[in-house]
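*Asks:* target.txt (compact mmCIF, C-alpha atoms) pasted underneath:
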```
# COMPACT_ATOMS: atom_id res chain seq x y z
CA MET A 1 0.00 0.00 0.00
CA GLY A 2 2.87 2.33 0.72
CA PHE A 3 4.41 1.58 -2.68
CA ALA A 4 1.04 2.07 -4.38
CA THR A 5 0.66 5.43 -2.63
CA THR A 6 4.03 6.46 -4.01
CA LEU A 7 3.04 5.51 -7.55
CA LEU A 8 -0.13 7.57 -7.25
CA PHE A 9 1.05 10.66 -5.38
CA ALA A 10 4.86 10.74 -5.52
CA ASP A 11 4.96 14.08 -7.38
CA SER A 12 2.60 15.82 -4.97
CA THR A 13 4.37 18.14 -2.53
CA LEU A 14 1.27 18.14 -0.30
CA VAL A 15 1.25 14.34 0.03
CA TYR A 16 5.02 14.38 0.69
CA SER A 17 4.55 16.90 3.51
CA VAL A 18 1.70 14.88 5.03
CA LEU A 19 3.72 11.64 4.88
CA PHE A 20 6.73 13.42 6.40
CA SER A 21 4.63 14.60 9.34
CA LEU A 22 2.92 11.24 9.86
CA THR A 23 6.23 9.38 9.78
CA GLY A 24 7.67 11.77 12.35
CA ILE A 25 4.69 11.12 14.62
CA SER A 26 5.09 7.36 14.14
CA LEU A 27 8.73 7.49 15.19
CA LYS A 28 7.83 9.45 18.29
CA ILE A 29 5.21 6.87 19.24
CA GLY A 30 7.86 4.14 19.09
CA THR A 31 10.22 6.17 21.28
CA LEU A 32 7.38 7.00 23.67
CA LEU A 33 6.79 3.28 24.26
CA PHE A 34 10.34 1.92 24.24
CA LEU A 35 11.74 4.37 26.80
CA PRO A 36 9.42 3.22 29.65
CA MET A 37 9.98 -0.38 28.57
CA VAL A 38 13.71 0.13 29.09
CA LEU A 39 13.15 1.85 32.41
CA VAL A 40 10.72 -0.72 33.83
CA SER A 41 10.93 -4.00 31.92
CA LEU A 42 14.73 -4.08 31.75
CA ALA A 43 15.02 -3.52 35.51
CA SER A 44 12.41 -6.19 36.16
CA GLY A 45 14.13 -8.62 33.77
CA VAL A 46 17.56 -8.12 35.32
CA ALA A 47 16.15 -8.64 38.82
CA SER A 48 14.37 -11.83 37.76
CA LEU A 49 17.49 -13.19 36.08
CA ARG A 50 19.57 -12.41 39.16
CA LYS A 51 17.02 -14.18 41.34
CA ASP A 52 17.57 -17.40 39.42
CA ARG A 53 21.28 -16.76 38.80
CA LEU A 54 20.85 -16.70 35.02
CA GLY A 55 21.99 -13.17 34.21
CA GLY A 56 25.60 -14.11 33.52
CA LYS A 57 24.69 -16.78 30.97
CA LEU A 58 22.36 -14.44 29.09
CA LEU A 59 24.84 -11.57 29.09
CA VAL A 60 27.76 -13.71 27.86
CA SER A 61 25.73 -15.31 25.07
CA GLY A 62 24.44 -11.92 23.92
CA ILE A 63 27.90 -10.34 23.87
CA VAL A 64 29.49 -13.28 22.04
CA TRP A 65 26.70 -13.28 19.42
CA SER A 66 27.13 -9.52 18.93
CA ILE A 67 30.89 -9.78 18.46
CA VAL A 68 30.76 -12.73 16.07
CA THR A 69 28.10 -11.18 13.85
CA ALA A 70 29.82 -7.78 13.93
CA VAL A 71 32.99 -9.36 12.55
CA ILE A 72 31.56 -11.81 10.01
CA LEU A 73 28.72 -9.84 8.40
CA PRO A 74 30.79 -6.81 7.26
CA VAL A 75 33.62 -9.02 5.96
CA VAL A 76 31.24 -11.19 3.93
CA ALA A 77 29.40 -8.10 2.68
CA VAL A 78 32.50 -6.32 1.40
CA LEU A 79 33.83 -9.43 -0.30
CA LEU A 80 30.52 -9.94 -2.08
CA ILE A 81 30.12 -6.32 -3.16
CA ARG A 82 33.77 -6.19 -4.19
CA ALA A 83 33.22 -9.24 -6.41
CA ALA A 84 30.26 -7.43 -7.99
CA GLY A 85 32.52 -4.44 -8.76
CA ILE A 86 29.91 -1.81 -7.88
CA ALA A 87 30.88 1.84 -7.49
CA PHE A 88 28.62 4.18 -5.54
CA PRO A 89 26.36 6.11 -7.95
CA VAL A 90 26.17 9.88 -8.22
CA SER A 91 23.11 11.05 -6.29
CA SER A 92 21.40 14.42 -6.01
CA THR A 93 23.61 15.33 -3.04
CA ALA A 94 26.92 14.71 -4.85
CA GLY A 95 29.10 17.81 -4.70
CA SER A 96 27.34 19.23 -1.66
CA ASP A 97 29.44 21.16 0.79
CA GLY A 98 30.58 19.26 3.85
CA SER A 99 31.93 15.86 4.80
CA PHE A 100 31.46 13.15 7.40
CA ALA A 101 34.59 14.16 9.30
CA GLY A 102 32.81 16.50 11.71
CA LEU A 103 30.08 14.00 12.56
CA LEU A 104 32.25 11.70 14.67
CA PRO A 105 33.43 14.17 17.36
CA THR A 106 30.02 15.85 17.49
CA ALA A 107 28.09 12.61 18.04
CA LEU A 108 30.57 11.32 20.64
CA SER A 109 30.60 14.65 22.46
CA GLU A 110 26.81 14.80 22.68
CA ALA A 111 26.65 11.17 23.82
CA ALA A 112 29.24 11.82 26.52
CA SER A 113 27.37 14.88 27.77
CA GLU A 114 24.18 12.82 28.11
CA LEU A 115 25.96 9.90 29.74
CA LEU A 116 27.76 12.08 32.27
CA SER A 117 25.15 14.77 32.82
CA GLY A 118 25.05 14.17 36.58
CA ASN A 119 21.26 14.39 36.65
CA ILE A 120 19.36 11.16 36.00
CA PHE A 121 16.05 12.95 35.43
CA TYR A 122 17.66 15.26 32.87
CA THR A 123 19.25 12.22 31.25
CA ILE A 124 15.93 10.37 31.01
CA VAL A 125 14.25 13.40 29.45
CA ARG A 126 17.07 13.84 26.91
CA SER A 127 17.44 10.14 26.09
CA THR A 128 14.96 9.89 23.24
CA GLU A 129 17.49 8.36 20.84
CA PHE A 130 20.72 7.55 22.73
CA LEU A 131 19.44 5.12 25.36
CA LEU A 132 22.71 3.89 26.88
CA PRO A 133 22.39 6.09 30.01
CA VAL A 134 18.84 4.85 30.66
CA ILE A 135 19.91 1.24 29.99
CA LEU A 136 22.75 1.53 32.50
CA PHE A 137 20.45 3.10 35.09
CA SER A 138 17.84 0.36 34.61
CA TRP A 139 20.51 -2.32 34.77
CA ILE A 140 21.76 -0.97 38.12
CA LEU A 141 18.18 -0.64 39.39
CA GLY A 142 17.42 -4.23 38.38
CA PHE A 143 20.64 -5.43 39.99
CA ALA A 144 19.55 -3.89 43.30
CA LEU A 145 15.93 -5.05 42.85
CA LYS A 146 16.77 -8.73 43.32
CA PRO A 147 14.13 -10.04 45.77
CA SER A 148 16.64 -11.37 48.28
CA ALA A 149 14.88 -9.86 51.30
CA ASP A 150 11.25 -9.51 52.34
CA VAL A 151 11.45 -5.74 52.26
CA ILE A 152 12.44 -5.82 48.56
CA LYS A 153 9.81 -8.31 47.37
CA PRO A 154 6.89 -5.81 47.16
CA ALA A 155 8.98 -3.50 44.97
CA TYR A 156 10.01 -6.43 42.76
CA ILE A 157 6.41 -7.63 42.39
CA THR A 158 5.23 -4.10 41.55
CA MET A 159 7.94 -3.59 38.95
CA ASN A 160 7.19 -6.96 37.38
CA SER A 161 3.48 -6.10 37.18
CA PHE A 162 4.21 -2.79 35.45
CA SER A 163 6.49 -4.67 33.07
CA GLU A 164 3.60 -6.96 32.13
CA VAL A 165 1.42 -3.92 31.45
CA LEU A 166 4.03 -2.45 29.12
CA PHE A 167 4.41 -5.75 27.28
CA ARG A 168 0.64 -5.78 26.71
CA ILE A 169 0.88 -2.28 25.27
CA ALA A 170 3.79 -3.41 23.08
CA ARG A 171 1.70 -6.32 21.83
CA THR A 172 -1.09 -3.94 20.83
CA TYR A 173 1.48 -1.64 19.23
CA THR A 174 2.75 -4.60 17.20
CA VAL A 175 -0.69 -5.85 16.15
CA PHE A 176 -1.83 -2.41 14.96
CA GLY A 177 1.61 -1.25 13.87
CA TYR A 178 0.72 -1.78 10.22
CA ILE A 179 -1.03 1.61 10.33
CA LEU A 180 2.20 3.34 11.32
CA VAL A 181 4.27 1.25 8.92
CA TYR A 182 1.96 2.20 6.05
CA CYS A 183 2.86 5.86 6.63
CA SER A 184 6.58 5.16 6.96
CA SER A 185 6.67 2.85 3.92
CA ALA A 186 4.85 5.37 1.73
CA PHE A 187 7.33 8.04 2.82
CA PHE A 188 10.26 5.64 2.30
CA PHE A 189 9.26 4.82 -1.30
CA THR A 190 8.44 8.45 -2.03
CA GLN A 191 11.92 9.52 -0.96
CA LEU A 192 13.51 6.92 -3.24
CA TYR A 193 11.20 7.86 -6.11
CA GLN A 194 12.01 11.56 -5.85
CA GLU A 195 15.74 10.84 -5.55
CA LYS A 196 15.70 8.97 -8.93
CA THR A 197 19.21 7.55 -8.41
CA ILE A 198 18.00 3.96 -8.18
CA PHE A 199 16.39 4.33 -11.61
CA ALA A 200 19.60 5.66 -13.11
CA ALA A 201 21.73 2.97 -11.42
CA PRO A 202 19.50 -0.11 -10.95
CA ARG A 203 22.53 -2.43 -10.75
CA PHE A 204 23.57 -0.68 -7.54
CA LEU A 205 20.18 -1.31 -5.92
CA ILE A 206 20.06 -4.92 -7.12
CA SER A 207 23.56 -5.60 -5.76
CA TYR A 208 22.77 -4.13 -2.34
CA VAL A 209 19.52 -6.05 -2.04
CA ALA A 210 21.21 -9.26 -3.23
CA VAL A 211 23.96 -8.97 -0.61
CA CYS A 212 21.37 -8.32 2.11
CA LEU A 213 19.46 -11.42 1.01
CA VAL A 214 22.62 -13.52 1.22
CA LEU A 215 23.32 -12.20 4.72
CA THR A 216 19.70 -12.83 5.77
CA ILE A 217 19.07 -16.20 4.15
CA VAL A 218 22.52 -17.80 4.36
CA VAL A 219 25.05 -16.16 6.70
CA LEU A 220 22.88 -15.33 9.72
CA PRO A 221 21.05 -18.70 9.69
CA LEU A 222 24.35 -20.60 9.54
CA LEU A 223 25.72 -18.65 12.50
CA PHE A 224 22.48 -19.20 14.39
CA LEU A 225 22.59 -22.94 13.74
CA VAL A 226 26.12 -23.08 15.16
CA PHE A 227 25.13 -21.12 18.27
CA THR A 228 22.02 -23.23 18.91
CA LYS A 229 23.68 -26.54 17.96
CA PHE A 230 21.16 -27.04 15.13
CA LYS A 231 18.23 -27.29 17.55
CA ARG A 232 16.09 -24.37 16.22
CA ASN A 233 15.09 -23.48 12.68
CA PRO A 234 16.62 -20.05 11.86
CA TRP A 235 14.46 -19.51 8.77
CA GLN A 236 11.35 -19.99 10.86
CA VAL A 237 12.69 -17.40 13.32
CA LEU A 238 13.38 -14.92 10.51
CA PHE A 239 9.91 -15.47 9.06
CA ARG A 240 8.36 -14.77 12.45
CA SER A 241 10.51 -11.63 12.70
CA ILE A 242 9.10 -10.01 9.56
CA THR A 243 7.02 -7.48 11.53
CA PRO A 244 9.91 -5.59 13.21
CA SER A 245 12.11 -6.14 10.14
CA ILE A 246 9.70 -4.28 7.84
CA ALA A 247 9.24 -1.56 10.45
CA ALA A 248 13.01 -1.09 10.60
CA LEU A 249 13.45 -1.12 6.81
CA THR A 250 10.89 1.62 6.20
CA THR A 251 11.94 3.89 9.10
CA GLY A 252 15.64 3.20 9.60
CA SER A 253 14.93 3.44 13.33
CA TYR A 254 15.88 0.66 15.73
CA ILE A 255 13.98 2.35 18.56
CA PHE A 256 10.74 2.47 16.53
CA ALA A 257 10.95 -1.29 15.92
CA ALA A 258 12.26 -2.24 19.38
CA PRO A 259 8.84 -2.60 21.11
CA MET A 260 7.77 -4.84 18.22
CA MET A 261 10.98 -6.83 18.75
CA GLU A 262 10.22 -7.46 22.42
CA ALA A 263 6.60 -8.40 21.76
CA SER A 264 7.50 -10.62 18.79
CA ALA A 265 10.37 -12.28 20.65
CA ARG A 266 7.99 -13.21 23.46
CA HIS A 267 4.88 -14.20 21.52
CA SER A 268 6.30 -15.38 18.18
CA LEU A 269 9.69 -16.85 19.13
CA GLY A 270 8.91 -18.16 22.61
CA VAL A 271 11.52 -16.09 24.45
CA GLN A 272 10.69 -15.46 28.10
CA LYS A 273 9.63 -11.92 28.97
CA ARG A 274 12.64 -11.32 31.20
CA ALA A 275 15.04 -12.52 28.51
CA ALA A 276 13.44 -10.40 25.77
CA ALA A 277 13.27 -7.33 28.02
CA THR A 278 16.98 -7.68 28.82
CA ALA A 279 18.37 -8.74 25.44
CA VAL A 280 16.65 -6.20 23.16
CA PRO A 281 17.99 -3.07 24.94
CA LEU A 282 21.42 -4.72 25.11
CA PHE A 283 21.39 -5.36 21.36
CA ASN A 284 20.26 -1.79 20.75
CA VAL A 285 23.72 -0.75 21.90
CA ILE A 286 26.11 -3.49 20.78
CA ALA A 287 24.46 -5.62 18.06
CA ARG A 288 24.81 -3.37 15.01
CA ALA A 289 26.36 -5.88 12.63
CA GLY A 290 23.82 -5.01 9.93
CA SER A 291 24.65 -1.32 9.96
CA ALA A 292 28.35 -2.25 9.96
CA ALA A 293 27.83 -4.47 6.90
CA ILE A 294 25.99 -1.77 4.94
CA ALA A 295 28.55 0.82 6.03
CA ALA A 296 31.44 -1.39 4.91
CA MET A 297 29.81 -1.98 1.53
CA SER A 298 29.13 1.73 1.08
CA ALA A 299 32.66 2.67 2.16
CA ILE A 300 34.40 0.56 -0.47
CA CYS A 301 31.85 1.58 -3.13
CA LEU A 302 32.49 5.24 -2.33
CA THR A 303 36.23 4.65 -2.48
CA ALA A 304 35.86 2.90 -5.84
CA ALA A 305 33.78 5.78 -7.20
CA VAL A 306 36.42 8.36 -6.20
CA THR A 307 39.60 6.44 -7.10
CA GLY A 308 38.24 4.63 -10.14
CA SER A 309 39.26 1.20 -8.88
CA MET A 310 37.93 -1.21 -6.26
CA PRO A 311 40.16 -1.63 -3.17
CA GLY A 312 42.07 -4.90 -2.91
CA ALA A 313 40.76 -7.79 -0.84
CA LYS A 314 43.13 -7.04 2.06
CA GLU A 315 42.23 -3.35 2.15
CA ALA A 316 38.50 -4.20 1.92
CA VAL A 317 38.72 -6.61 4.85
CA ILE A 318 40.63 -4.08 6.97
CA LEU A 319 37.99 -1.44 6.20
CA ALA A 320 35.25 -3.95 7.09
CA LEU A 321 36.89 -4.73 10.44
CA CYS A 322 37.16 -1.00 11.18
CA CYS A 323 33.42 -0.76 10.51
CA SER A 324 32.90 -3.69 12.88
CA LEU A 325 34.78 -1.88 15.61
CA ALA A 326 32.95 1.40 15.02
CA SER A 327 29.55 -0.30 15.15
CA PHE A 328 29.83 -0.81 18.91
CA ALA A 329 29.68 2.97 19.38
CA SER A 330 27.21 3.71 16.58
CA SER A 331 24.17 3.89 18.88
CA ALA A 332 25.47 7.35 19.77
CA ALA A 333 24.24 8.47 16.34
CA ALA A 334 20.72 7.01 16.28
CA GLY A 335 19.14 7.10 12.83
CA ILE A 336 22.41 7.70 11.01
CA GLU A 337 24.44 4.76 12.30
CA VAL A 338 25.72 3.92 8.82
CA VAL A 339 27.12 7.44 8.34
CA PHE A 340 28.73 7.34 11.80
CA ILE A 341 30.38 3.99 11.10
CA ILE A 342 31.71 5.14 7.72
CA ALA A 343 33.11 8.32 9.26
CA ALA A 344 34.82 6.31 12.02
CA ALA A 345 36.20 3.73 9.56
CA PHE A 346 37.62 6.46 7.29
CA SER A 347 39.17 8.11 10.32
CA LEU A 348 40.78 4.84 11.49
CA THR A 349 42.17 4.06 8.01
CA ASN A 350 43.14 7.68 7.16
CA ILE A 351 40.93 7.72 4.06
CA ASN A 352 39.94 11.18 2.86
CA LEU A 353 37.43 11.47 0.02
CA TYR A 354 37.38 15.30 0.22
CA GLY A 355 33.62 15.52 0.56
CA ALA A 356 32.77 12.99 -2.17
CA GLU A 357 31.09 10.85 0.47
CA MET A 358 28.23 13.38 0.54
CA THR A 359 26.70 11.50 -2.40
CA LEU A 360 25.62 8.93 0.22
CA VAL A 361 23.20 11.42 1.78
CA GLY A 362 20.81 11.22 -1.17
CA LEU A 363 20.45 7.47 -0.65
CA LEU A 364 20.44 7.62 3.15
CA PRO A 365 16.87 6.24 3.54
CA LEU A 366 17.87 3.14 1.59
CA VAL A 367 21.20 2.40 3.29
CA THR A 368 19.98 3.17 6.82
CA GLY A 369 16.83 1.13 6.23
CA LEU A 370 18.73 -1.91 5.00
CA GLY A 371 21.25 -1.60 7.83
CA CYS A 372 18.55 -1.28 10.48
CA MET A 373 16.62 -4.23 9.04
CA LEU A 374 19.70 -6.43 9.35
CA ASP A 375 20.28 -5.10 12.88
CA ILE A 376 16.76 -6.16 13.84
CA GLN A 377 17.31 -9.63 12.39
CA VAL A 378 20.55 -9.95 14.34
CA GLY A 379 18.70 -8.82 17.47
CA MET A 380 15.78 -11.21 17.00
CA LEU A 381 18.04 -14.21 16.42
CA GLY A 382 20.21 -13.06 19.33
CA SER A 383 17.19 -12.79 21.63
CA LEU A 384 16.34 -16.42 20.97
CA ILE A 385 19.98 -17.40 21.53
CA CYS A 386 19.84 -15.61 24.88
CA GLY A 387 16.60 -17.44 25.69
CA ARG A 388 18.18 -20.78 24.84
CA SER A 389 21.24 -19.97 26.95
CA ILE A 390 19.04 -19.94 30.06
CA GLU A 391 17.00 -22.92 28.78
CA THR A 392 13.61 -21.22 28.95
CA ASP A 393 12.61 -20.89 25.28
CA ILE A 394 9.66 -22.65 23.66
CA VAL A 395 8.26 -22.88 20.11
CA PRO A 396 4.85 -21.12 20.08
CA PRO A 397 2.16 -22.50 17.73
CA TYR A 398 1.92 -20.55 14.51
CA LYS A 399 -1.65 -19.44 15.33
CA ASP A 400 -0.34 -17.64 18.44
CA THR A 401 2.33 -15.62 16.65
CA LEU A 402 2.00 -11.88 16.05
```
Translate the structure of the given file into structure tokens.

*Replies:*
Amino acid sequence: MGFATTLLFADSTLVYSVLFSLTGISLKIGTLLFLPMVLVSLASGVASLRKDRLGGKLLVSGIVWSIVTAVILPVVAVLLIRAAGIAFPVSSTAGSDGSFAGLLPTALSEAASELLSGNIFYTIVRSTEFLLPVILFSWILGFALKPSADVIKPAYITMNSFSEVLFRIARTYTVFGYILVYCSSAFFFTQLYQEKTIFAAPRFLISYVAVCLVLTIVVLPLLFLVFTKFKRNPWQVLFRSITPSIAALTTGSYIFAAPMMEASARHSLGVQKRAAATAVPLFNVIARAGSAAIAAMSAICLTAAVTGSMPGAKEAVILALCCSLASFASSAAAGIEVVFIIAAAFSLTNINLYGAEMTLVGLLPLVTGLGCMLDIQVGMLGSLICGRSIETDIVPPYKDTL
């Protein structure tokens, strides 16, 4: 329906303005829900895991999954795109003034000021996109909320009850989320239609989509099978993760899709509430392998477009590993993680394109959407891995899935 809306009204400035406003409202609704889920459900989940001494297993499995995917996905992506020999096309923003160099210190400085503000209430109010301070606060609160004494048990029970309320809201948000996703998808396709670059360079779009399909259908399932010892079907998990994946693709926002992730992980994948509530915020910060893969692909394609030749295999792998490293800090630049990772990778490898990288801005909805979609898939698979690590996962009947 979003694509059909684009075909009908893509040249209308009024429709574009309406879709822009509706998409902005949709993103705010996602943030409005996920922030209290982090504050309440994460604290409740950590306390419950501590009660049963399962927190360490979940945390270790989540971190290992994040590191492995962050290394493998970008390397595979750059080798595939290098074999295709694709250079980044000239978009409407090519030749614009500016570069990505100033983004890195600005994003890190703003993140540090929020993290070290010294006022938790100010931090909560400011943390609409960079959620690490709230996650840390909730983690500490959950650590202290362990019901190890009678005086603590009422607080633990209350927090757990509020967590259940928020999960019910997240379930409703997921079931009726197609209304919000219609707005975001129509805006997404309209942006690509008005950009026109994908029509002038269809091979570029086909190559990017093909690499993402390989990562989704082949690479991630193989890694998942290894982690789960071939005891769960990864393709079934990915199919049941379509809801947050589409939401992420059309918005490029992890936070917008995160409540859908928690609800889908619980109801569609059979992950316990406490595991989903703990793993999803954790992966919001450290599991950005998808954004790293798209950033690595874009980085070597930009380099090929400027220099006229594709970097060698060794140079491509080094650039991919730099993107892997930068991805662990990319949550500081919510919504533009791919740009942040590219800027960091160019800084680490001393690559200077003298502003030519601005051509990426015209295709930002596409690259951020694809990167966020892969991030969500990594997070959904990782949530189930975390659930299996504490041996509490089940396989819900298909009729009960969201």

*Asks:* Counting only C-alpha atoms, which of A:Leu7, A:Pro89, A:Ala77, A:Gly362 gets nearest to Pro202 in chain A?

*Replies:*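 Under the stated criterion, the closest residue is A:Pro89.
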
*Asks:* Using all atoms listed in the file, find each residue in range 203-272 of chain A having at least one atom no more than 12 Å away from range 192-198 of chain A; report its shortest atom-to-atom pair and that distance in Å (one decimal), rows by chain then rising number, as a Markdown table.

*Replies:*
```
| residue | atom | partner | partner_atom | distance |
| --- | --- | --- | --- | --- |
| A:Arg203 | CA | A:Ile198 | CA | 8.2 |
| A:Phe204 | CA | A:Ile198 | CA | 7.3 |
| A:Leu205 | CA | A:Ile198 | CA | 6.1 |
| A:Ile206 | CA | A:Ile198 | CA | 9.2 |
| A:Ser207 | CA | A:Ile198 | CA | 11.3 |
| A:Tyr208 | CA | A:Ile198 | CA | 11.1 |
| A:Val209 | CA | A:Ile198 | CA | 11.8 |
| A:Thr250 | CA | A:Leu192 | CA | 11.1 |
```

*Asks:* Rank A:Ser268, A:Ser327, A:Thr216, A:Ser66 by their smallest atom-to-atom distance to Ala287 in chain A, using all atoms listed in the file, and report the top residue only.

*Replies:*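 Among the listed residues, A:Ser66 lies closest to Ala287 in chain A.
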
*Asks:* For the atom pair CA of Leu381 in chain A and CA of Ala144 in chain A, what is the interatomic distance in Å to one decimal place?

*Replies:*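 It comes out at 28.8 Å.
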
*Asks:* Counting only C-alpha atoms, which of A:Leu384, A:Ile390, A:Leu353, A:Leu215 gets nearest to His267 in chain A?

*Replies:*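 With only C-alpha atoms as the atom set, the closest residue is A:Leu384.
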